[in-house]
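Shown here: model12.cif, mmCIF, C-alpha atoms and all ligand atoms.
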data_input
#
loop_
_atom_site.label_atom_id
_atom_site.label_comp_id
_atom_site.auth_asym_id
_atom_site.auth_seq_id
_atom_site.Cartn_x
_atom_site.Cartn_y
_atom_site.Cartn_z
CA MET Q 1 28.24 -23.86 -3.92
CA ASN Q 2 24.72 -23.01 -2.96
CA GLU Q 3 21.74 -23.37 -5.19
CA LYS Q 4 19.74 -20.19 -5.64
CA LYS Q 5 16.11 -21.24 -5.57
CA VAL Q 6 12.90 -19.33 -5.00
CA PRO Q 7 10.24 -20.58 -2.57
CA PHE Q 8 7.33 -20.14 -5.03
CA THR Q 9 6.44 -21.22 -8.55
CA LYS Q 10 5.78 -18.81 -11.42
CA GLU Q 11 2.05 -19.55 -11.14
CA GLN Q 12 2.02 -18.89 -7.40
CA LEU Q 13 3.91 -15.67 -7.91
CA GLU Q 14 1.49 -14.45 -10.59
CA LYS Q 15 -1.38 -15.01 -8.16
CA ILE Q 16 0.44 -13.01 -5.50
CA ILE Q 17 1.15 -10.19 -7.99
CA LYS Q 18 -2.55 -10.01 -8.93
CA LYS Q 19 -3.25 -8.91 -5.35
CA TYR Q 20 0.02 -7.09 -4.59
CA PRO Q 21 1.57 -5.37 -7.60
CA THR Q 22 5.34 -5.34 -8.06
CA PRO Q 23 7.71 -4.24 -6.72
CA PHE Q 24 7.52 -5.88 -3.29
CA HIS Q 25 9.67 -7.72 -0.80
CA ILE Q 26 8.51 -11.19 0.17
CA TYR Q 27 9.89 -13.20 3.09
CA ASP Q 28 9.81 -16.98 3.36
CA GLU Q 29 8.57 -17.87 6.86
CA ALA Q 30 9.50 -21.57 6.62
CA GLY Q 31 13.04 -20.71 5.57
CA ILE Q 32 13.51 -18.18 8.40
CA VAL Q 33 12.20 -20.61 11.03
CA LYS Q 34 14.21 -23.60 9.85
CA ASN Q 35 17.42 -21.59 9.73
CA ILE Q 36 17.06 -19.98 13.17
CA ARG Q 37 16.18 -23.31 14.79
CA ARG Q 38 19.32 -24.82 13.34
CA PHE Q 39 21.40 -21.91 14.61
CA LEU Q 40 19.99 -22.08 18.15
CA LYS Q 41 20.43 -25.86 18.22
CA ALA Q 42 24.06 -25.58 17.11
CA PHE Q 43 24.79 -23.37 20.13
CA SER Q 44 22.65 -25.25 22.65
CA TRP Q 45 25.81 -26.19 24.62
CA ALA Q 46 26.46 -22.52 25.44
CA PRO Q 47 25.07 -21.27 28.77
CA ASN Q 48 21.80 -19.34 28.29
CA PHE Q 49 22.55 -18.93 24.61
CA ARG Q 50 20.59 -16.12 22.97
CA GLU Q 51 20.20 -14.58 19.58
CA TYR Q 52 19.16 -10.94 19.62
CA PHE Q 53 17.86 -10.26 16.11
CA ALA Q 54 19.39 -7.03 14.80
CA VAL Q 55 16.16 -5.16 14.16
CA LYS Q 56 17.85 -2.74 11.77
CA ALA Q 57 18.19 -5.59 9.26
CA THR Q 58 14.42 -6.01 8.83
CA PRO Q 59 12.51 -3.69 11.13
CA ASN Q 60 9.14 -5.29 10.66
CA PRO Q 61 7.15 -6.25 13.78
CA TYR Q 62 5.68 -9.34 12.09
CA ILE Q 63 9.16 -10.71 11.42
CA MET Q 64 10.17 -9.83 15.00
CA LYS Q 65 7.09 -11.62 16.33
CA LEU Q 66 7.85 -14.69 14.25
CA LEU Q 67 11.37 -14.74 15.70
CA LYS Q 68 10.12 -14.07 19.24
CA LYS Q 69 8.10 -17.29 18.99
CA GLU Q 70 11.40 -19.08 18.35
CA GLY Q 71 12.91 -17.56 21.51
CA VAL Q 72 14.83 -14.83 19.69
CA GLY Q 73 15.22 -11.40 21.30
CA ALA Q 74 16.04 -8.07 19.68
CA ASP Q 75 19.14 -5.97 19.23
CA CYS Q 76 18.14 -2.32 18.90
CA SER Q 77 20.07 0.76 17.93
CA SER Q 78 17.43 3.49 18.00
CA LEU Q 79 14.25 4.74 19.61
CA ALA Q 80 12.12 3.48 16.72
CA GLU Q 81 13.51 -0.03 17.07
CA LEU Q 82 12.82 0.03 20.82
CA VAL Q 83 9.23 1.07 20.14
CA LEU Q 84 8.90 -1.85 17.72
CA CYS Q 85 10.04 -4.17 20.54
CA GLU Q 86 7.38 -2.68 22.79
CA LYS Q 87 4.70 -3.30 20.14
CA VAL Q 88 5.82 -6.89 19.74
CA GLY Q 89 5.88 -7.50 23.51
CA LEU Q 90 9.63 -7.80 23.90
CA SER Q 91 11.09 -6.37 27.09
CA GLY Q 92 13.75 -6.83 29.77
CA GLU Q 93 16.82 -8.87 28.96
CA SER Q 94 15.25 -9.94 25.66
CA ILE Q 95 16.44 -6.58 24.34
CA MET Q 96 20.03 -5.57 23.80
CA PHE Q 97 20.42 -1.84 23.19
CA SER Q 98 23.60 -1.50 21.12
CA SER Q 99 23.65 2.08 19.91
CA ASN Q 100 26.32 4.69 19.38
CA ASP Q 101 26.33 8.48 19.70
CA THR Q 102 23.15 7.88 21.68
CA PRO Q 103 20.82 10.68 22.78
CA TYR Q 104 19.59 10.29 26.37
CA VAL Q 105 15.96 9.96 25.30
CA GLU Q 106 16.92 6.63 23.69
CA TYR Q 107 18.73 5.36 26.79
CA LYS Q 108 15.69 6.38 28.81
CA LYS Q 109 13.32 4.37 26.64
CA ALA Q 110 15.68 1.38 26.69
CA MET Q 111 15.84 1.51 30.48
CA GLU Q 112 12.05 1.82 30.75
CA LEU Q 113 11.81 -1.41 28.78
CA GLY Q 114 14.43 -3.04 31.01
CA ALA Q 115 16.78 -3.57 28.06
CA ILE Q 116 20.44 -4.39 28.52
CA ILE Q 117 22.36 -1.17 27.90
CA ASN Q 118 25.47 -1.65 25.83
CA LEU Q 119 27.78 1.38 26.09
CA ASP Q 120 29.73 2.36 22.99
CA ASP Q 121 31.99 4.81 24.82
CA ILE Q 122 33.44 5.41 28.29
CA THR Q 123 32.07 8.99 28.39
CA HIS Q 124 28.55 7.59 28.29
CA ILE Q 125 28.92 6.37 31.87
CA ALA Q 126 28.99 9.98 33.09
CA TYR Q 127 26.31 10.90 30.54
CA ILE Q 128 23.90 8.33 31.99
CA GLU Q 129 24.79 9.25 35.58
CA GLU Q 130 24.20 12.95 34.88
CA ASN Q 131 20.82 12.30 33.31
CA LEU Q 132 19.56 9.43 35.45
CA GLY Q 133 21.35 10.15 38.72
CA LYS Q 134 22.72 6.61 38.89
CA LEU Q 135 23.82 3.68 36.72
CA PRO Q 136 21.73 0.63 35.82
CA GLU Q 137 22.56 -2.56 37.75
CA THR Q 138 23.46 -4.32 34.51
CA LEU Q 139 25.78 -2.77 31.96
CA CYS Q 140 27.50 -4.06 28.86
CA PHE Q 141 30.54 -2.52 27.17
CA ARG Q 142 31.35 -2.58 23.48
CA TYR Q 143 34.95 -3.58 22.87
CA ASN Q 144 36.91 -2.39 19.84
CA PRO Q 145 39.97 -4.65 19.73
CA GLY Q 146 41.81 -2.42 17.25
CA SER Q 147 44.67 -4.11 15.47
CA LEU Q 148 44.18 -7.33 17.50
CA LYS Q 149 41.50 -8.14 14.95
CA GLU Q 150 43.46 -8.59 11.78
CA GLY Q 151 42.26 -8.16 8.25
CA GLY Q 152 39.46 -5.62 8.44
CA ASN Q 153 36.21 -5.95 6.61
CA ASP Q 154 34.66 -4.50 3.46
CA ILE Q 155 31.62 -3.13 5.26
CA ILE Q 156 33.01 -2.15 8.70
CA GLY Q 157 36.65 -1.54 7.69
CA LEU Q 158 39.63 -1.83 10.03
CA PRO Q 159 38.55 -1.83 13.71
CA GLU Q 160 41.07 0.91 14.54
CA GLU Q 161 39.44 3.13 11.92
CA ALA Q 162 35.88 2.30 12.98
CA LYS Q 163 34.03 4.70 15.25
CA TYR Q 164 32.62 1.94 17.43
CA GLY Q 165 33.46 0.67 20.86
CA MET Q 166 36.08 1.25 23.53
CA MET Q 167 39.74 0.40 23.66
CA HIS Q 168 41.14 -2.24 25.99
CA ASP Q 169 42.25 0.10 28.77
CA GLN Q 170 39.02 2.09 28.60
CA ILE Q 171 37.01 -1.10 29.22
CA ILE Q 172 39.16 -1.86 32.27
CA GLU Q 173 38.76 1.70 33.54
CA ALA Q 174 35.01 1.64 32.88
CA ILE Q 175 34.51 -1.61 34.78
CA ASN Q 176 36.69 -0.47 37.69
CA TYR Q 177 34.55 2.66 37.94
CA CYS Q 178 31.17 0.98 37.47
CA LYS Q 179 31.80 -1.78 40.04
CA ASN Q 180 32.05 0.95 42.69
CA HIS Q 181 29.01 2.83 41.38
CA GLY Q 182 26.17 0.36 41.63
CA VAL Q 183 26.70 -1.90 38.61
CA LYS Q 184 26.38 -5.54 39.66
CA LYS Q 185 26.26 -7.46 36.39
CA PHE Q 186 28.70 -6.91 33.54
CA GLY Q 187 28.62 -7.84 29.88
CA LEU Q 188 31.08 -7.53 27.03
CA HIS Q 189 30.14 -6.93 23.40
CA THR Q 190 31.87 -6.54 20.08
CA MET Q 191 30.97 -6.18 16.41
CA VAL Q 192 34.00 -6.04 14.18
CA VAL Q 193 33.00 -7.90 11.06
CA SER Q 194 30.10 -7.85 8.70
CA ASN Q 195 29.02 -10.46 6.18
CA GLU Q 196 31.82 -12.79 7.27
CA LEU Q 197 31.69 -16.21 5.62
CA ASP Q 198 34.98 -17.51 6.99
CA ILE Q 199 34.39 -19.22 10.31
CA LYS Q 200 38.05 -18.73 11.21
CA GLY Q 201 37.40 -14.98 11.33
CA LEU Q 202 34.30 -15.42 13.51
CA ILE Q 203 36.07 -17.86 15.87
CA GLY Q 204 39.03 -15.46 16.01
CA THR Q 205 36.69 -12.73 17.25
CA ALA Q 206 35.39 -15.06 19.99
CA ARG Q 207 38.99 -15.85 20.99
CA ILE Q 208 39.78 -12.14 21.37
CA MET Q 209 36.66 -11.71 23.50
CA PHE Q 210 37.37 -14.69 25.78
CA ASN Q 211 40.93 -13.45 26.35
CA MET Q 212 39.54 -10.02 27.11
CA ALA Q 213 37.19 -11.52 29.72
CA GLN Q 214 40.17 -13.16 31.43
CA ASP Q 215 42.05 -9.88 31.33
CA ILE Q 216 39.09 -8.05 32.84
CA LYS Q 217 38.98 -10.62 35.64
CA ALA Q 218 42.70 -10.21 36.32
CA LYS Q 219 42.64 -6.41 36.25
CA THR Q 220 39.30 -5.63 37.91
CA GLY Q 221 38.37 -8.75 39.85
CA ILE Q 222 35.09 -8.77 37.92
CA GLU Q 223 33.88 -11.81 36.03
CA ILE Q 224 31.88 -10.89 32.95
CA SER Q 225 28.59 -12.76 33.19
CA PHE Q 226 27.42 -12.39 29.60
CA MET Q 227 29.03 -11.83 26.25
CA ASP Q 228 27.52 -10.71 22.94
CA LEU Q 229 29.66 -11.68 19.97
CA GLY Q 230 27.83 -9.25 17.70
CA GLY Q 231 26.31 -9.85 14.31
CA GLY Q 232 28.23 -10.26 11.13
CA ILE Q 233 27.66 -13.89 10.19
CA GLY Q 234 27.66 -13.73 6.43
CA VAL Q 235 25.23 -14.66 3.69
CA ALA Q 236 26.34 -16.68 0.69
CA TYR Q 237 25.17 -14.08 -1.82
CA LYS Q 238 26.98 -15.62 -4.78
CA PRO Q 239 26.16 -19.11 -6.02
CA GLU Q 240 29.83 -20.03 -5.60
CA ASP Q 241 29.90 -18.87 -1.95
CA THR Q 242 29.66 -21.45 0.81
CA PRO Q 243 27.14 -20.65 3.55
CA VAL Q 244 28.45 -20.55 7.12
CA ASP Q 245 28.37 -23.98 8.73
CA PHE Q 246 26.73 -23.19 12.09
CA GLU Q 247 27.76 -26.50 13.63
CA ALA Q 248 31.43 -25.99 12.70
CA LEU Q 249 31.30 -22.38 13.91
CA SER Q 250 29.78 -23.46 17.19
CA ALA Q 251 32.35 -26.26 17.69
CA GLY Q 252 35.20 -23.82 17.03
CA ILE Q 253 33.84 -21.26 19.51
CA ARG Q 254 33.19 -23.98 22.09
CA LYS Q 255 36.81 -25.14 21.91
CA GLU Q 256 38.08 -21.59 22.55
CA TYR Q 257 35.48 -21.07 25.30
CA GLU Q 258 36.60 -24.17 27.14
CA GLU Q 259 40.33 -23.64 26.62
CA ILE Q 260 40.49 -19.93 27.40
CA LEU Q 261 37.76 -19.57 30.00
CA ILE Q 262 36.56 -22.73 31.70
CA SER Q 263 39.82 -24.67 31.94
CA LYS Q 264 41.48 -21.53 33.31
CA GLY Q 265 38.99 -21.08 36.13
CA HIS Q 266 36.58 -18.47 34.71
CA SER Q 267 32.93 -19.04 35.64
CA PRO Q 268 30.59 -19.87 32.75
CA ILE Q 269 29.62 -16.85 30.66
CA SER Q 270 26.26 -16.62 28.88
CA LEU Q 271 26.83 -16.24 25.16
CA ALA Q 272 24.83 -14.35 22.57
CA PHE Q 273 24.92 -13.15 18.98
CA GLU Q 274 23.01 -10.24 17.48
CA CYS Q 275 22.85 -11.27 13.85
CA GLY Q 276 20.50 -9.72 11.36
CA ARG Q 277 21.74 -10.62 7.92
CA MET Q 278 21.97 -14.38 8.30
CA VAL Q 279 18.58 -14.56 10.05
CA THR Q 280 16.44 -13.03 7.32
CA GLY Q 281 18.79 -12.16 4.43
CA PRO Q 282 18.59 -15.35 2.37
CA TYR Q 283 14.83 -15.66 2.98
CA GLY Q 284 13.77 -12.35 1.50
CA TYR Q 285 13.27 -11.63 -2.21
CA LEU Q 286 12.68 -8.37 -4.05
CA VAL Q 287 10.17 -9.11 -6.78
CA ALA Q 288 10.03 -6.71 -9.73
CA THR Q 289 8.84 -6.58 -13.33
CA ALA Q 290 10.94 -5.81 -16.39
CA ILE Q 291 9.31 -2.69 -17.86
CA HIS Q 292 11.89 -1.46 -20.38
CA GLU Q 293 14.70 -2.71 -22.56
CA LYS Q 294 17.25 -0.21 -23.81
CA ASN Q 295 20.16 -0.89 -26.17
CA ILE Q 296 22.89 1.75 -26.45
CA TYR Q 297 26.56 1.08 -25.73
CA LYS Q 298 25.34 -1.62 -23.37
CA HIS Q 299 22.12 -3.59 -22.99
CA TYR Q 300 19.86 -2.46 -20.18
CA ILE Q 301 16.81 -4.01 -18.61
CA GLY Q 302 14.80 -1.46 -16.62
CA LEU Q 303 12.77 -2.68 -13.65
CA ASP Q 304 9.87 -1.16 -11.75
CA ALA Q 305 12.08 -1.44 -8.63
CA CYS Q 306 15.09 0.77 -7.98
CA MET Q 307 17.88 1.23 -5.45
CA ALA Q 308 15.35 2.76 -3.06
CA ASN Q 309 14.11 -0.82 -2.67
CA LEU Q 310 17.54 -2.41 -2.34
CA MET Q 311 20.56 -0.22 -2.00
CA ARG Q 312 23.32 -2.79 -1.37
CA PRO Q 313 24.47 -3.17 -5.00
CA ALA Q 314 24.81 0.60 -5.39
CA LEU Q 315 26.30 1.12 -1.94
CA TYR Q 316 28.84 -1.70 -1.74
CA GLY Q 317 28.85 -3.14 -5.26
CA ALA Q 318 27.16 -6.12 -3.61
CA TYR Q 319 26.18 -9.12 -5.71
CA HIS Q 320 22.54 -10.19 -5.56
CA HIS Q 321 21.55 -13.20 -7.58
CA ILE Q 322 18.75 -12.75 -10.11
CA THR Q 323 16.17 -15.29 -11.24
CA VAL Q 324 14.00 -14.59 -14.27
CA MET Q 325 10.82 -16.45 -13.37
CA GLY Q 326 9.98 -19.25 -15.76
CA LYS Q 327 13.43 -19.07 -17.35
CA GLU Q 328 15.35 -20.82 -14.58
CA ASN Q 329 16.73 -23.43 -16.96
CA ALA Q 330 17.07 -21.24 -20.05
CA PRO Q 331 20.61 -20.58 -21.32
CA LYS Q 332 22.24 -17.46 -19.84
CA ASP Q 333 23.23 -16.15 -23.24
CA HIS Q 334 22.52 -12.43 -22.76
CA VAL Q 335 24.54 -9.86 -20.85
CA TYR Q 336 22.60 -7.07 -19.18
CA ASP Q 337 22.86 -4.23 -16.74
CA VAL Q 338 19.67 -4.50 -14.69
CA THR Q 339 18.64 -1.03 -13.61
CA GLY Q 340 16.17 1.00 -11.61
CA SER Q 341 14.74 4.39 -12.53
CA LEU Q 342 16.63 6.65 -10.14
CA CYS Q 343 18.59 9.55 -11.61
CA GLU Q 344 21.78 7.98 -10.34
CA ASN Q 345 23.98 5.97 -12.67
CA ASN Q 346 24.76 3.49 -9.90
CA ASP Q 347 21.08 2.52 -9.69
CA LYS Q 348 21.89 -0.93 -11.02
CA PHE Q 349 20.97 -4.25 -9.44
CA ALA Q 350 23.48 -6.04 -11.65
CA ILE Q 351 26.20 -5.03 -14.06
CA ASP Q 352 27.29 -7.17 -17.02
CA ARG Q 353 25.21 -10.05 -15.67
CA LYS Q 354 24.75 -13.15 -17.79
CA LEU Q 355 21.04 -13.88 -17.82
CA PRO Q 356 18.50 -15.57 -20.07
CA LYS Q 357 16.86 -13.33 -22.66
CA ILE Q 358 14.55 -11.02 -20.74
CA ASP Q 359 11.24 -9.92 -22.22
CA ILE Q 360 9.16 -6.98 -21.11
CA GLY Q 361 6.76 -8.20 -18.45
CA ASP Q 362 9.08 -10.89 -17.13
CA ARG Q 363 9.08 -11.19 -13.35
CA ILE Q 364 12.54 -10.61 -11.96
CA VAL Q 365 13.37 -11.98 -8.53
CA ILE Q 366 16.35 -10.51 -6.72
CA HIS Q 367 17.67 -12.90 -4.09
CA ASP Q 368 19.01 -12.47 -0.56
CA ALA Q 369 17.21 -9.16 -0.08
CA GLY Q 370 15.71 -10.08 3.31
CA ALA Q 371 18.16 -8.09 5.44
CA HIS Q 372 19.42 -4.54 5.01
CA GLY Q 373 17.11 -4.46 1.96
CA HIS Q 374 13.73 -2.81 2.45
CA ALA Q 375 15.19 -1.46 5.70
CA MET Q 376 17.67 0.76 3.85
CA GLY Q 377 14.93 2.17 1.63
CA PHE Q 378 14.66 5.88 1.06
CA ASN Q 379 12.56 8.44 -0.80
CA TYR Q 380 15.08 10.21 -3.02
CA ASN Q 381 13.56 11.13 -6.41
CA GLY Q 382 10.17 10.76 -4.69
CA LYS Q 383 10.43 6.99 -4.83
CA LEU Q 384 7.88 5.19 -2.71
CA ARG Q 385 8.91 2.30 -0.52
CA SER Q 386 7.36 -0.97 -1.51
CA ALA Q 387 5.18 -3.41 0.40
CA GLU Q 388 6.51 -6.30 2.47
CA LEU Q 389 4.79 -9.66 2.28
CA LEU Q 390 5.17 -12.78 4.38
CA LEU Q 391 4.86 -16.14 2.65
CA HIS Q 392 3.58 -18.43 5.38
CA ALA Q 393 4.62 -22.04 5.69
CA ASP Q 394 1.16 -23.11 4.44
CA GLY Q 395 1.59 -21.13 1.20
CA SER Q 396 -0.71 -18.26 2.17
CA VAL Q 397 0.56 -14.70 1.86
CA GLU Q 398 0.11 -11.90 4.37
CA GLN Q 399 0.88 -8.26 3.70
CA ILE Q 400 3.03 -7.19 6.67
CA ARG Q 401 3.62 -3.64 5.45
CA ARG Q 402 1.67 -1.84 2.76
CA ALA Q 403 3.37 0.10 0.01
CA GLU Q 404 3.81 3.82 0.57
CA THR Q 405 1.50 6.21 -1.25
CA LEU Q 406 2.09 9.75 -2.50
CA ASP Q 407 0.02 10.89 0.49
CA ASP Q 408 2.55 9.21 2.81
CA LEU Q 409 5.37 10.93 0.97
CA PHE Q 410 3.73 14.34 1.24
CA ALA Q 411 2.38 13.88 4.78
CA THR Q 412 4.91 16.33 6.22
CA LEU Q 413 4.08 19.09 3.73
CA ASP Q 414 1.29 21.60 4.24
CA PHE Q 415 0.13 22.49 0.72
CA SER Q 416 -2.67 24.72 2.05
CA LYS Q 417 -0.19 27.49 2.90
CA LEU Q 418 1.23 27.71 -0.64
C1 LIG Q 501 25.78 -3.18 16.55
C2 LIG Q 501 25.32 -4.09 15.46
N1 LIG Q 501 24.86 -5.30 15.79
C3 LIG Q 501 24.39 -6.17 14.85
C4 LIG Q 501 24.38 -5.83 13.52
C5 LIG Q 501 23.83 -6.81 12.53
O1 LIG Q 501 24.79 -7.24 11.66
P1 LIG Q 501 24.46 -8.35 10.57
O2 LIG Q 501 23.15 -8.02 9.98
O3 LIG Q 501 25.58 -8.24 9.62
O4 LIG Q 501 24.44 -9.65 11.29
C6 LIG Q 501 24.86 -4.57 13.11
C7 LIG Q 501 24.87 -4.20 11.69
O5 LIG Q 501 25.12 -3.14 11.26
C8 LIG Q 501 25.35 -3.68 14.12
O6 LIG Q 501 25.80 -2.47 13.78
#

This entry written out as structure tokens:
Amino acid sequence: MNEKKVPFTKEQLEKIIKKYPTPFHIYDEAGIVKNIRRFLKAFSWAPNFREYFAVKATPNPYIMKLLKKEGVGADCSSLAELVLCEKVGLSGESIMFSSNDTPYVEYKKAMELGAIINLDDITHIAYIEENLGKLPETLCFRYNPGSLKEGGNDIIGLPEEAKYGMMHDQIIEAINYCKNHGVKKFGLHTMVVSNELDIKGLIGTARIMFNMAQDIKAKTGIEISFMDLGGGIGVAYKPEDTPVDFEALSAGIRKEYEEILISKGHSPISLAFECGRMVTGPYGYLVATAIHEKNIYKHYIGLDACMANLMRPALYGAYHHITVMGKENAPKDHVYDVTGSLCENNDKFAIDRKLPKIDIGDRIVIHDAGAHGHAMGFNYNGKLRSAELLLHADGSVEQIRRAETLDDLFATLDFSKL
């Protein structure tokens, strides 16, 4: 069980709304910092342990800067995310560039910043050589373990059906080639689960990776010097879900690390994760106002937010908890579909949700929207993306991204030529 609370009172929220009208995303700085410190501490045994925050989860430079202060780097997958790193002052091995189907211009930017290049496919070795004339001294390879990773995952699917990474023999071939073509430092990466709450699954991934490192050593003579276990640590979206116990996860990974690698003569390997969801997800809230109530075959509450602000429920049927501000302890004796205004019937934040009676004007807080929330926003139906606010530890609020305007939306149109 995990209690779904909000980090502000109704009165505080009303004050914030006076300055920043709904809908908006608000992130809880104190929550983010406390959580990441606990995560880093849990893995302090691991050599040079690093978290590279998956920028795609919340691509806001203020959030990245906050995390940088805690010693967190960045995992990027695009040019825009690399530019954000540059703006925040992240460079060198603080950046992991884990992209796929990558255009050279993005590799070029990553190399200019000194980022670690993580190759998604064996053909990209030749692609970089052709464009750059050589290979970087440090290279990382994304491993897709195929059916070795049992079970699959709702978001990523079965590894053997996922487009990502290289197969076992391709990694061996890639390393054998690269060791003779100027690469001196090797890393191994994977990302085969998403939103995983079961630590057995996460430890199982680490086991596959440690075994792979031993296999690489046996077949190429190369010892991997760093390993990125990917993102994918889950968020307890439902009140009945149990959040991942970082200490237990770390202890489980440590046991495998020592048994498979250290006790069998492998040199220490630096470990890293590139989580996004668990870093900011639970500490971000989409705040909206109930603007309509509609009763037909079902009862609907219409918000001033829509799936352009948070797409996960429509995309994956994801559960996001809802708090009706001021009615936290009221009986949940109404059943609603909570909707947005998009001309798409799946624009629903909740379906058949038991909630207290909602009145027009009530402030509706949608939980766990801090990752893959605002970031997945879009402009379909001419919807404007909302503002992002940061609730500082001292209670003050800073706008870290303004809301879009119609001028922003139309900025790429030249009306004068009509
Ligand atoms: C390569 C890669 N790394 C990290 C992440 C972050 O995953 P999560 O936010 O689930 O931790 C993703 C998510 O899509 C990803 O594709």

**Prompt:** Neighbours of Thr190 (chain Q) within 8 Å (all atoms listed in the file; same-chain residues fewer than 5 positions away dropped), as a list in words?
**Reply:**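 My reading of the contact set: Arg142, Tyr143, Asn144, Gly165, Met209, Asp228, Leu229 and Gly230 of chain Q.
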
Axis-aligned box over every listed atom of region 122-135 of chain Q, padded by 6 Å per side: centre and edges in Å to one decimal, as AutoDock Vina command-line options?
--center_x 26.5 --center_y 8.3 --center_z 33.6 --size_x 25.9 --size_y 21.3 --size_z 22.6

**Asked** CA of Leu84 (chain Q) and CA of Ile128 (chain Q), how far apart in Å?
**Response**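 Atom-to-atom, CA of Ile128 (chain Q) to CA of Leu84 (chain Q), that is 23.1 Å.
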
**Request:** For Pro159 (chain Q), work out the shell of residues within 6 Å, counting only C-alpha atoms and skipping chain neighbours fewer than 2 positions away, then give it as a ChimeraX atom specification.
**Result:** /Q:146,161-162

**Message:** Between CA of Ala236 (chain Q) and CA of Ala314 (chain Q), what distance in Å does the model show, to one decimal?
**Reply:**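 It comes out at 18.4 Å.
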
**Asked** Which residues come within 9 Å of region 109-119 of chain Q, counting all atoms listed in the file, excluding same-chain residues fewer than 6 positions away, as a ChimeraX atom specification?
**Response** /Q:76,79,82-83,85-86,90-100,125,136,138-142,165-166,187-189

Can I get region 10-21 of chain Q with N, CA and C atoms filled in, as a JSON list (two decimals), in the frame of the given file?
[["chain", "number", "residue", "atom", "x", "y", "z"],
["Q", 10, "LYS", "N", 6.19, -19.97, -10.61],
["Q", 10, "LYS", "CA", 5.78, -18.81, -11.42],
["Q", 10, "LYS", "C", 4.27, -18.57, -11.26],
["Q", 11, "GLU", "N", 3.51, -19.68, -11.25],
["Q", 11, "GLU", "CA", 2.05, -19.55, -11.14],
["Q", 11, "GLU", "C", 1.65, -18.94, -9.79],
["Q", 12, "GLN", "N", 2.30, -19.45, -8.73],
["Q", 12, "GLN", "CA", 2.02, -18.89, -7.40],
["Q", 12, "GLN", "C", 2.34, -17.41, -7.36],
["Q", 13, "LEU", "N", 3.47, -17.06, -7.94],
["Q", 13, "LEU", "CA", 3.91, -15.67, -7.91],
["Q", 13, "LEU", "C", 2.93, -14.77, -8.68],
["Q", 14, "GLU", "N", 2.44, -15.27, -9.82],
["Q", 14, "GLU", "CA", 1.49, -14.45, -10.59],
["Q", 14, "GLU", "C", 0.22, -14.19, -9.77],
["Q", 15, "LYS", "N", -0.19, -15.20, -9.02],
["Q", 15, "LYS", "CA", -1.38, -15.01, -8.16],
["Q", 15, "LYS", "C", -1.13, -13.94, -7.11],
["Q", 16, "ILE", "N", 0.09, -13.99, -6.53],
["Q", 16, "ILE", "CA", 0.44, -13.01, -5.50],
["Q", 16, "ILE", "C", 0.45, -11.60, -6.12],
["Q", 17, "ILE", "N", 1.02, -11.51, -7.33],
["Q", 17, "ILE", "CA", 1.15, -10.19, -7.99],
["Q", 17, "ILE", "C", -0.23, -9.62, -8.35],
["Q", 18, "LYS", "N", -1.19, -10.49, -8.63],
["Q", 18, "LYS", "CA", -2.55, -10.01, -8.93],
["Q", 18, "LYS", "C", -3.07, -9.17, -7.76],
["Q", 19, "LYS", "N", -2.76, -9.62, -6.54],
["Q", 19, "LYS", "CA", -3.25, -8.91, -5.35],
["Q", 19, "LYS", "C", -2.29, -7.80, -4.93],
["Q", 20, "TYR", "N", -1.00, -8.06, -5.04],
["Q", 20, "TYR", "CA", 0.02, -7.09, -4.59],
["Q", 20, "TYR", "C", 0.95, -6.79, -5.75],
["Q", 21, "PRO", "N", 0.75, -5.66, -6.42],
["Q", 21, "PRO", "CA", 1.57, -5.37, -7.60],
["Q", 21, "PRO", "C", 3.05, -5.21, -7.27]]
